[in-house]
Each structure stands twice: as C-alpha cells, then as structure tokens.
>>> print(open('my_file34.cif').read())   # mmCIF, C-alpha atoms
data_target
#
loop_
_atom_site.label_atom_id
_atom_site.label_comp_id
_atom_site.auth_asym_id
_atom_site.auth_seq_id
_atom_site.Cartn_x
_atom_site.Cartn_y
_atom_site.Cartn_z
CA PRO A 1 37.81 20.82 42.50
CA GLU A 2 40.98 22.65 41.45
CA ASP A 3 41.48 23.92 45.00
CA MET A 4 41.05 20.49 46.61
CA SER A 5 44.12 19.12 48.35
CA LEU A 6 45.53 15.68 47.55
CA GLN A 7 44.49 14.43 50.97
CA GLU A 8 40.87 15.45 50.38
CA LEU A 9 40.96 14.05 46.85
CA GLY A 10 42.26 10.71 48.13
CA ALA A 11 39.57 10.59 50.80
CA ALA A 12 36.91 11.31 48.15
CA ILE A 13 38.20 8.74 45.69
CA GLY A 14 38.94 6.09 48.30
CA THR A 15 41.57 3.39 48.30
CA SER A 16 41.66 0.04 46.50
CA SER A 17 43.50 -3.11 47.55
CA SER A 18 43.92 -4.37 43.97
CA MET A 19 44.58 -3.10 40.48
CA GLY A 20 41.80 -1.26 38.73
CA LYS A 21 39.87 -1.92 35.53
CA CYS A 22 42.52 -0.19 33.39
CA SER A 23 45.77 -1.53 34.81
CA GLN A 24 44.59 -5.13 35.29
CA PRO A 25 43.86 -5.73 31.56
CA LEU A 26 47.21 -4.19 30.64
CA VAL A 27 49.09 -6.62 32.91
CA ALA A 28 47.05 -9.58 31.64
CA ARG A 29 47.71 -8.56 28.03
CA MET A 30 51.46 -8.33 28.70
CA PHE A 31 51.59 -11.84 30.16
CA GLY A 32 49.44 -13.20 27.35
CA SER A 33 51.54 -11.71 24.54
CA LYS A 34 55.12 -11.60 25.89
CA MET A 35 55.42 -14.45 28.41
CA PRO A 36 55.79 -18.18 27.63
CA GLY A 37 52.68 -20.34 27.73
CA GLY A 38 53.58 -21.95 31.05
CA PHE A 39 54.48 -18.71 32.79
CA THR A 40 51.17 -17.16 33.84
CA LEU A 41 50.28 -14.25 36.08
CA SER A 42 49.61 -16.67 38.93
CA SER A 43 53.07 -18.19 38.47
CA ALA A 44 54.65 -14.74 38.62
CA ARG A 45 52.78 -13.85 41.80
CA ALA A 46 53.81 -17.16 43.39
CA MET A 47 57.44 -16.45 42.50
CA LEU A 48 57.27 -12.95 43.96
CA GLN A 49 55.75 -14.38 47.15
CA THR A 50 58.18 -17.25 47.64
CA ALA A 51 61.40 -15.68 46.33
CA TYR A 52 61.01 -12.10 47.51
CA GLY A 53 58.34 -12.25 50.18
CA LEU A 54 56.16 -9.60 48.58
CA GLY A 55 52.54 -9.22 49.59
CA SER A 56 49.65 -8.69 47.19
CA GLN A 57 49.88 -4.89 47.08
CA ARG A 58 53.66 -4.94 46.65
CA GLN A 59 53.14 -7.43 43.83
CA ASP A 60 50.64 -5.09 42.16
CA ALA A 61 53.13 -2.22 42.36
CA LEU A 62 55.92 -4.37 40.92
CA LEU A 63 53.70 -5.54 38.05
CA LEU A 64 52.78 -1.96 37.23
CA MET A 65 56.48 -1.17 37.01
CA ALA A 66 56.90 -4.26 34.83
CA LEU A 67 54.59 -2.62 32.28
CA THR A 68 57.32 -0.01 31.73
CA MET A 69 59.91 -2.80 31.26
CA GLU A 70 57.82 -5.00 28.91
CA PRO A 71 59.96 -7.25 26.69
CA ALA A 72 60.15 -6.37 23.04
CA ALA A 73 59.25 -9.93 21.97
CA ARG A 74 57.79 -13.08 23.53
CA LEU A 75 60.25 -14.76 25.86
CA GLY A 76 61.33 -18.21 24.82
CA SER A 77 61.19 -20.18 28.10
CA ASP A 78 60.11 -20.05 31.71
CA ALA A 79 63.75 -19.52 32.71
CA ASP A 80 63.93 -16.39 30.57
CA ALA A 81 60.67 -15.18 32.11
CA GLY A 82 62.07 -15.78 35.60
CA THR A 83 65.21 -13.83 34.76
CA TRP A 84 63.14 -10.94 33.41
CA LEU A 85 60.95 -10.94 36.53
CA ALA A 86 64.05 -10.93 38.75
CA THR A 87 65.32 -7.88 36.85
CA VAL A 88 62.02 -6.11 37.42
CA ALA A 89 62.12 -7.04 41.12
CA GLN A 90 65.59 -5.56 41.52
CA ALA A 91 64.53 -2.37 39.71
CA TYR A 92 61.47 -2.13 41.96
CA ALA A 93 63.60 -2.58 45.08
CA ALA A 94 65.97 0.17 43.89
CA HIS A 95 63.07 2.48 43.11
CA THR A 96 61.29 1.99 46.44
CA GLY A 97 64.42 1.66 48.57
CA ILE A 98 63.65 -1.81 49.98
CA ALA A 99 65.98 -4.76 50.36
CA TYR A 100 65.12 -8.44 49.99
CA SER A 101 66.34 -10.97 52.52
CA ALA A 102 65.81 -14.66 53.09
CA THR A 103 64.15 -14.19 56.49
CA GLN A 104 62.39 -10.86 56.21
CA ALA A 105 60.58 -9.09 53.37
CA SER A 106 58.48 -6.06 52.94
CA SER A 107 54.71 -6.43 52.95
CA SER A 108 52.21 -4.47 50.95
CA ASP A 109 51.94 -1.75 53.54
CA GLY A 110 55.68 -1.59 54.22
CA ALA A 111 55.58 -3.60 57.46
CA SER A 112 57.89 -6.57 58.01
CA GLN A 113 56.74 -10.16 57.42
CA GLY A 114 57.88 -13.41 58.99
CA PRO A 115 59.96 -16.08 57.28
CA THR A 116 58.46 -17.37 54.05
CA VAL A 117 57.80 -21.01 53.14
CA SER A 118 57.81 -22.38 49.63
CA SER A 119 54.31 -23.11 48.32
CA ALA A 120 55.63 -26.31 46.75
CA GLU A 121 56.72 -27.59 50.16
CA LEU A 122 53.33 -26.67 51.64
CA LYS A 123 51.65 -28.59 48.83
CA LYS A 124 53.78 -31.67 49.53
CA VAL A 125 52.90 -31.52 53.24
CA ARG A 126 49.23 -31.21 52.42
CA LEU A 127 49.36 -34.18 50.06
CA ARG A 128 51.05 -36.31 52.73
CA GLU A 129 48.32 -35.35 55.21
CA ILE A 130 45.59 -36.31 52.73
CA GLU A 131 47.30 -39.63 52.03
CA HIS A 132 47.56 -40.35 55.77
CA ILE A 133 43.86 -39.55 56.27
CA GLN A 134 42.88 -41.83 53.39
CA GLN A 135 44.88 -44.68 54.90
CA GLN A 136 43.11 -44.21 58.26
CA ILE A 137 39.71 -44.23 56.52
CA ALA A 138 40.60 -47.45 54.71
CA VAL A 139 41.67 -49.14 57.97
CA LEU A 140 38.47 -48.10 59.76
CA ALA A 141 36.33 -49.24 56.80
CA ARG A 142 37.94 -52.70 56.81
CA TYR A 143 37.38 -52.94 60.56
CA ALA A 144 33.69 -51.98 60.19
CA GLY A 145 33.20 -54.27 57.18
CA ILE A 146 32.35 -51.43 54.81
CA ASP A 147 33.28 -51.72 51.16
CA LEU A 148 34.45 -48.28 50.06
CA ARG A 149 34.59 -49.42 46.44
CA SER A 150 31.00 -50.63 46.16
CA ASP A 151 29.67 -47.32 44.88
CA GLY A 152 32.64 -47.01 42.55
CA ARG A 153 31.99 -50.44 41.05
CA THR A 154 28.32 -49.59 40.63
CA ALA A 155 29.25 -46.38 38.87
CA GLU A 156 31.67 -48.29 36.63
CA GLY A 157 28.87 -50.70 35.70
CA TYR A 158 26.58 -47.80 34.84
CA GLN A 159 29.35 -46.21 32.81
CA THR A 160 29.94 -49.43 30.91
CA GLY A 161 26.23 -49.77 30.18
CA ALA A 162 26.08 -46.14 29.06
CA GLN A 163 29.00 -46.69 26.72
CA GLN A 164 27.32 -49.75 25.22
CA LEU A 165 24.08 -47.84 24.71
CA GLN A 166 25.98 -44.95 23.17
CA THR A 167 27.72 -47.35 20.82
CA SER A 168 24.38 -48.82 19.77
CA VAL A 169 22.93 -45.36 19.17
CA ASP A 170 26.01 -44.36 17.17
CA ASN A 171 25.69 -47.48 15.01
CA ILE A 172 22.00 -46.78 14.35
CA THR A 173 22.76 -43.15 13.56
CA ALA A 174 25.57 -44.13 11.20
CA GLU A 175 23.29 -46.62 9.44
CA PHE A 176 20.04 -44.63 9.17
CA GLY A 177 21.06 -41.03 9.83
CA ASP A 178 19.94 -38.41 12.33
CA ASP A 179 16.48 -38.11 10.77
CA LEU A 180 15.45 -41.52 12.09
CA ILE A 181 16.56 -40.71 15.65
CA ALA A 182 14.73 -37.39 15.53
CA GLY A 183 11.63 -39.01 14.08
CA VAL A 184 11.20 -41.69 16.75
CA GLN A 185 11.56 -39.37 19.73
CA PRO A 186 8.53 -39.43 22.07
CA ARG A 187 6.20 -36.48 21.82
CA PHE A 188 4.32 -37.01 25.08
CA ASP A 189 3.61 -33.82 27.00
CA ALA A 190 1.83 -34.07 30.34
CA ARG A 191 0.47 -30.55 29.88
CA LYS A 192 -1.55 -31.73 26.89
CA ILE A 193 -3.40 -34.53 28.69
CA ARG A 194 -7.16 -34.36 28.28
CA ARG A 195 -9.53 -36.61 30.22
CA PHE A 196 -12.96 -37.19 28.69
CA ASP A 197 -15.77 -38.72 30.76
CA SER A 198 -19.01 -38.85 28.78
CA CYS A 199 -20.85 -41.14 31.19
CA TRP A 200 -23.16 -38.29 32.24
CA ASN A 201 -23.92 -37.42 28.61
CA TRP A 202 -24.67 -40.99 27.58
CA ALA A 203 -27.05 -41.36 30.54
CA ARG A 204 -29.10 -38.41 29.25
CA GLN A 205 -28.93 -39.80 25.71
CA ASP A 206 -30.18 -43.23 26.83
CA ALA A 207 -33.02 -41.76 28.91
CA TYR A 208 -34.10 -39.41 26.10
CA GLU A 209 -33.93 -42.25 23.54
CA TRP A 210 -36.06 -44.50 25.78
CA ILE A 211 -38.69 -41.76 26.16
CA GLN A 212 -38.71 -40.98 22.41
CA GLN A 213 -39.13 -44.66 21.52
CA THR A 214 -42.11 -44.86 23.86
CA ILE A 215 -43.62 -41.68 22.35
CA ALA A 216 -43.19 -43.15 18.86
CA VAL A 217 -45.05 -46.29 19.88
CA CYS A 218 -47.84 -44.21 21.51
CA THR A 219 -48.36 -41.86 18.56
CA THR A 220 -47.93 -44.24 15.63
CA GLY A 221 -49.32 -47.42 17.16
CA VAL A 222 -46.55 -49.41 15.49
CA ALA A 223 -45.33 -52.31 17.57
CA SER A 224 -41.81 -52.01 18.85
CA ASP A 225 -39.38 -54.02 20.93
CA VAL A 226 -39.25 -51.23 23.52
CA ASP A 227 -40.00 -52.57 26.99
CA VAL A 228 -41.10 -49.84 29.39
CA SER A 229 -40.50 -52.24 32.29
CA ASP A 230 -36.91 -53.09 31.34
CA GLU A 231 -35.31 -53.41 34.77
CA ALA A 232 -31.76 -53.82 33.44
CA ARG A 233 -32.04 -50.61 31.41
CA LEU A 234 -33.45 -48.79 34.41
CA GLN A 235 -30.62 -50.07 36.62
CA GLN A 236 -28.04 -48.73 34.17
CA LEU A 237 -29.63 -45.29 34.32
CA GLN A 238 -29.76 -45.37 38.10
CA ASN A 239 -26.03 -46.21 38.30
CA ARG A 240 -25.22 -43.15 36.14
CA ALA A 241 -27.78 -40.77 37.59
CA ASP A 242 -26.79 -37.25 38.58
CA VAL A 243 -28.57 -34.01 39.43
CA GLN A 244 -28.61 -32.82 35.81
CA LEU A 245 -30.26 -36.06 34.64
CA VAL A 246 -32.96 -35.75 37.29
CA GLN A 247 -33.61 -32.14 36.26
CA MET A 248 -33.87 -33.16 32.60
CA LEU A 249 -36.39 -35.90 33.42
CA ALA A 250 -38.45 -33.51 35.55
CA GLY A 251 -38.55 -30.96 32.76
CA THR A 252 -39.45 -33.61 30.17
CA ALA A 253 -42.29 -34.92 32.34
CA LYS A 254 -43.61 -31.36 32.76
CA ILE A 255 -43.53 -30.72 29.02
CA LEU A 256 -45.28 -34.00 28.20
CA GLY A 257 -47.90 -33.41 30.88
CA ALA A 258 -48.76 -30.00 29.45
CA SER A 259 -49.62 -31.48 26.04
CA ASN A 260 -53.06 -32.81 27.17
CA ASN A 261 -52.63 -35.81 24.86
CA ASP A 262 -54.03 -39.00 26.36
CA ALA A 263 -51.98 -41.08 23.91
CA LEU A 264 -48.82 -39.91 25.64
CA GLN A 265 -49.79 -41.29 29.04
CA PRO A 266 -47.42 -44.29 28.78
CA ALA A 267 -44.54 -41.93 27.94
CA ILE A 268 -45.49 -39.61 30.80
CA GLN A 269 -45.65 -42.52 33.24
CA LEU A 270 -42.29 -43.81 32.00
CA THR A 271 -40.67 -40.38 32.37
CA GLN A 272 -42.04 -39.95 35.87
CA ALA A 273 -40.90 -43.45 36.85
CA LEU A 274 -37.41 -42.75 35.53
CA HIS A 275 -37.33 -39.46 37.42
CA ASP A 276 -38.35 -41.06 40.72
CA ALA A 277 -35.90 -43.98 40.32
CA CYS A 278 -32.92 -41.78 39.38
CA LYS A 279 -33.70 -39.25 42.12
CA GLY A 280 -33.79 -42.02 44.72
CA SER A 281 -30.36 -43.32 43.65
CA LEU A 282 -28.46 -40.02 43.73
CA ASP A 283 -26.89 -40.73 47.12
CA GLN A 284 -26.15 -44.39 46.34
CA GLU A 285 -23.08 -46.00 44.85
CA PRO A 286 -23.44 -47.91 41.55
CA VAL A 287 -24.48 -51.53 42.17
CA TYR A 288 -24.71 -54.69 40.10
CA ARG A 289 -27.96 -56.64 39.83
CA GLU A 290 -28.54 -59.92 38.01
CA PHE A 291 -31.68 -59.79 35.84
CA SER A 292 -31.41 -63.12 34.01
CA LYS A 293 -34.01 -65.78 34.74
CA PRO A 294 -33.27 -69.18 36.28
CA MET A 295 -33.49 -71.84 33.58
CA GLN A 296 -34.21 -75.54 33.76
CA PRO A 297 -33.08 -78.23 31.31
CA GLU A 298 -35.54 -80.05 29.09
CA THR A 299 -34.72 -83.00 26.88
CA HIS A 300 -36.98 -84.47 24.17
CA VAL A 301 -36.39 -87.75 22.36
CA GLN A 302 -38.05 -87.72 19.00
CA SER A 303 -39.66 -90.78 17.40
CA THR A 304 -36.72 -90.85 15.06
CA GLY A 305 -34.35 -91.23 17.99
CA GLU A 306 -33.06 -87.66 17.78
CA VAL A 307 -32.37 -86.07 21.14
CA LYS A 308 -33.12 -82.37 21.51
CA TYR A 309 -31.92 -80.42 24.51
CA THR A 310 -33.36 -77.04 25.43
CA GLU A 311 -33.59 -74.76 28.43
CA LYS A 312 -36.69 -72.91 29.54
CA PRO A 313 -37.53 -70.61 32.48
CA ARG A 314 -38.41 -72.33 35.71
CA PRO A 315 -42.16 -71.80 36.30
CA SER A 316 -41.95 -71.88 40.10
CA GLU A 317 -38.69 -69.94 40.41
CA ARG A 318 -38.97 -66.60 38.62
CA SER A 319 -35.99 -65.01 40.39
CA TRP A 320 -32.60 -66.12 41.54
CA ALA A 321 -33.60 -65.50 45.13
CA GLU A 322 -36.40 -68.07 44.84
CA TYR A 323 -34.06 -70.49 43.06
CA ILE A 324 -31.43 -70.29 45.81
CA GLN A 325 -34.05 -70.63 48.51
CA HIS A 326 -35.56 -73.76 46.95
CA MET A 327 -32.18 -75.37 46.30
CA SER A 328 -31.07 -74.84 49.89
CA CYS A 329 -34.15 -76.54 51.39
CA GLY A 330 -34.36 -80.29 51.96
CA ASP A 331 -37.20 -82.62 51.09
CA LEU A 332 -39.85 -83.86 53.51
CA ASP A 333 -37.83 -87.04 54.21
CA ASN A 334 -34.95 -84.89 55.58
CA THR A 335 -32.67 -85.69 52.67
CA PRO A 336 -29.80 -83.20 52.17
CA PRO A 337 -30.60 -80.29 49.88
CA LEU A 338 -29.18 -80.13 46.39
CA MET A 339 -26.94 -77.24 47.44
CA HIS A 340 -25.14 -77.89 50.73
CA LEU A 341 -21.70 -78.02 52.33
CA ARG A 342 -20.51 -81.32 53.71
CA GLU A 343 -18.19 -81.43 56.68
CA GLN A 344 -15.05 -83.41 56.02
CA THR A 345 -14.30 -85.95 58.73
CA GLU A 346 -11.05 -87.66 59.60
CA SER A 347 -12.25 -90.87 57.99
#
>>> encode(input="my_file34.cif", output="structure tokens")
Amino acid sequence: PEDMSLQELGAAIGTSSSMGKCSQPLVARMFGSKMPGGFTLSSARAMLQTAYGLGSQRQDALLLMALTMEPAARLGSDADAGTWLATVAQAYAAHTGIAYSATQASSSDGASQGPTVSSAELKKVRLREIEHIQQQIAVLARYAGIDLRSDGRTAEGYQTGAQQLQTSVDNITAEFGDDLIAGVQPRFDARKIRRFDSCWNWARQDAYEWIQQTIAVCTTGVASDVDVSDEARLQQLQNRADVQLVQMLAGTAKILGASNNDALQPAIQLTQALHDACKGSLDQEPVYREFSKPMQPETHVQSTGEVKYTEKPRPSERSWAEYIQHMSCGDLDNTPPLMHLREQTES
C-alpha cells in the first residue's frame, strides 16, 4: 500500500458526489450551533446557488472551507449569516482561482453554467401556474354541473361530528375518570368464537333414554308413561339422525339380542325399529309432521242449566288427512262442502 500511487489509490477508493459521514455532521453541527434559527443549511445552499451560481459539489467544497472559518459565537441575524457566507465565498474564490459573475458561474466540475434564475421568482411563477389551473378546473366544473365542494362539506360535517363526540368523551372522562372508559371497552375477539352444536349428542341421548325406559318397564313390570309407538318422538329422532346414531342403535340392538332374555323383546323391537327408521332418513332433509288428532266440539246442558263445553277426538276422522277429505266433500244433495272457495262475481 505504501508504494501505491495517488491515481491508483483514488481508483481504489472511488469518488463521491457528496460529503461523507464525517464532514456532513460537522457542517450540520456548525449551522446548528453558530447560525441563526432561520438560516439553515438549505438556505445557505440556496444562497450559494442563486447569488454565486455554484453547483452542489462546489457548494460542498465551500462549506468544508467554512468549517475553517467558523464563527466564534452564534450569529445574531440572518443578515449577519449572509455576510459571513459571502466572506467565505470570496475566500473560496480566491483559494480556487475562480471569479463570480452575474451571467456565468463555475459548476461543480469546473465547467461553465448558464444564467441563473432566482428560486423565489421560479416559485412565484409556479404558484401563478397552479392558480391558473385551479381557475380552469373551477370553470369546467361549473359548466359540467359538478360541485367541487361537496366532498369538502361532507368532510367538514364529519369533522364537526367527531369534535362533538370528542367533547362528550372528554366530559365523561373528566366526570368519571379514565378507569370508566377503560372498563367499558368491548372485549370481543373474533379469534375466540366457539360454535357449539349438540344436536347430534342430544339425539343419541334421547334414543338411549327411550330404550332404557323401555328396558325398565320390561324388567320391573312397573307401568310407565313410555309409549313405544310415539310417532312424534320418532320423527324428532329421524330429523336429527346421522351415521353415528345409526351405528349406536345397531350396536345396542346387537347387545340386547345377545342377552337371550325374552323380557327384553319389546326393547329389542324398539331399538331395531329406531335403527331402521333413522337409517332410512339419513339422506332426507328434516321435515315437519302434525301428529295432533282432529277434535270435535261437544256441549252438555246439565239439569241445573249449567253448560259444559268439551272437545273429543273425532271417531270417523283419526287423521288430519281424513278430516280434510271429509270437509272438502259435499253431501248427497249436492250442497257445497263445509270447506270451499266461492268465486266472487261482479254482482
């Protein structure tokens, strides 16, 4: 490395178009500690660009020289900072042998630049262009019947409502404290949702309970209100039947059949009937069936003059199908049936 030429060393290190990690903090620290609050590094670079026509690399070189001419104390005003920067610019020009002119200035690589334009004037031109564009948009919107302020008014309404809500919350907080607000916050978490469907379990429970009640009646001989031909109960099991229920009934029927106890025959027959009914309804949707009996009114007048009204099952109509069929049929003299639809005429 000691024998390496400067040209080879420069090629190995490479070139940079900006200040490095050591010089950049030094310049920033100088502007932060010795310059006025309104005179920032960006303001200095803008002044060097507009007043002296210096490019970015020339500005970096001038700022590095400014480190050697750092003021002893913080400057009092932007005018003092501008005067100090002008002094540094003149010293830099004398050191590098360049001359500033109003129409030509040196660039970062030493080449000549064109005439410079004040950034303030460019900003004014840009603002006038934006204002002109906004006027054209407003004219076109009025011609098309578009309200450009509709969204703004909606946003203002939302902002007003938000302010009112915030005021209400602040009043509640001031009255009851932050503990109340924290205590009434919702604790719902969708990740903690649990769905429980015990329909399948209750179907097994009902079937097993029905079988056990029948076994109790068979073994003890004690009368019970258990009806082995309860169609409504059977229909409920059929609507909730699944493969596991059918397997349970098949296993229960097999266990009961292996007991060789003649007293359990009603329970075995019930289990087998439940198995066959549930197995046949596996591929069917749940249905509703009406199992109540058609009733007819009956009125008795006692000798004391008391009137008693009761209802009893119709002897000739044991199902609703028979009841509907009988009510829809007329008598032998072709009188209208009790249940019929009359056609409305114009008269």
>>> resolve_selection(input="my_file34.cif", expression="the PyMOL selection byres ((chain A and resi 47) around 12)", output="PyMOL selection string")
chain A and resi 39-46+48-56+59+78+81-83+85-86+89+116-120
>>> residues_around(input="my_file34.cif", residues="Ala207 (chain A)", least_positions_apart="3", cutoff="9 Å", atoms="only C-alpha atoms", output="list in words")
Trp202, Ala203, Arg204, Trp210, Ile211, Gln212, Leu234, Leu237, Leu245, Leu249, Thr271 and Leu274 of chain A
>>> resolve_selection(input="my_file34.cif", expression="the PyMOL selection byres ((chain A and resi 314-322) around 8)", output="ChimeraX atom specification")
/A:293-296,312-313,323-326
>>> closest_residue(input="my_file34.cif", among="A:Tyr100, A:Ser18, A:Thr219, A:Asp80", to="Ala61 (chain A)", atoms="all atoms listed in the file")
A:Ser18
>>> residues_around(input="my_file34.cif", residues="Ile268 (chain A)", least_positions_apart="5", cutoff="8 Å", atoms="all atoms listed in the file", output="list in words")
Ala253, Leu256 and Gly257 of chain A
>>> resolve_selection(input="my_file34.cif", expression="the PyMOL selection byres ((chain A and resi 27) around 10)", output="CSV table (one decimal) with C-alpha atoms, in the coordinates of the input")
chain,number,residue,atom,x,y,z
A,19,MET,CA,44.6,-3.1,40.5
A,22,CYS,CA,42.5,-0.2,33.4
A,23,SER,CA,45.8,-1.5,34.8
A,24,GLN,CA,44.6,-5.1,35.3
A,25,PRO,CA,43.9,-5.7,31.6
A,26,LEU,CA,47.2,-4.2,30.6
A,28,ALA,CA,47.0,-9.6,31.6
A,29,ARG,CA,47.7,-8.6,28.0
A,30,MET,CA,51.5,-8.3,28.7
A,31,PHE,CA,51.6,-11.8,30.2
A,32,GLY,CA,49.4,-13.2,27.4
A,41,LEU,CA,50.3,-14.2,36.1
A,60,ASP,CA,50.6,-5.1,42.2
A,63,LEU,CA,53.7,-5.5,38.0
A,64,LEU,CA,52.8,-2.0,37.2
A,66,ALA,CA,56.9,-4.3,34.8
A,67,LEU,CA,54.6,-2.6,32.3
A,70,GLU,CA,57.8,-5.0,28.9
>>> atom_distance(input="my_file34.cif", atom1="CA of Pro266 (chain A)", atom2="CA of Ala250 (chain A)")
15.6 Å
>>> atom_distance(input="my_file34.cif", atom1="CA of Gln57 (chain A)", atom2="CA of His95 (chain A)")
15.6 Å
>>> atom_distance(input="my_file34.cif", atom1="CA of Gln163 (chain A)", atom2="CA of Glu175 (chain A)")
18.2 Å
>>> closest_residue(input="my_file34.cif", among="A:Ala263, A:Met69, A:Ala174, A:Ile181", to="Ala216 (chain A)", atoms="only C-alpha atoms")
A:Ala263
>>> residues_around(input="my_file34.cif", residues="Asp283 (chain A)", least_positions_apart="3", cutoff="12 Å", atoms="all atoms listed in the file", output="CSV table (one decimal) with C-alpha atoms, in the coordinates of the input")
chain,number,residue,atom,x,y,z
A,238,GLN,CA,-29.8,-45.4,38.1
A,239,ASN,CA,-26.0,-46.2,38.3
A,240,ARG,CA,-25.2,-43.2,36.1
A,241,ALA,CA,-27.8,-40.8,37.6
A,242,ASP,CA,-26.8,-37.2,38.6
A,243,VAL,CA,-28.6,-34.0,39.4
A,277,ALA,CA,-35.9,-44.0,40.3
A,278,CYS,CA,-32.9,-41.8,39.4
A,279,LYS,CA,-33.7,-39.2,42.1
A,280,GLY,CA,-33.8,-42.0,44.7
A,286,PRO,CA,-23.4,-47.9,41.6
>>> axis_aligned_box(input="my_file34.cif", around="region 204-209 of chain A", padding_each_side="8 Å", output="AutoDock Vina command-line options")
--center_x -31.5 --center_y -40.8 --center_z 26.4 --size_x 21.2 --size_y 20.8 --size_z 21.7
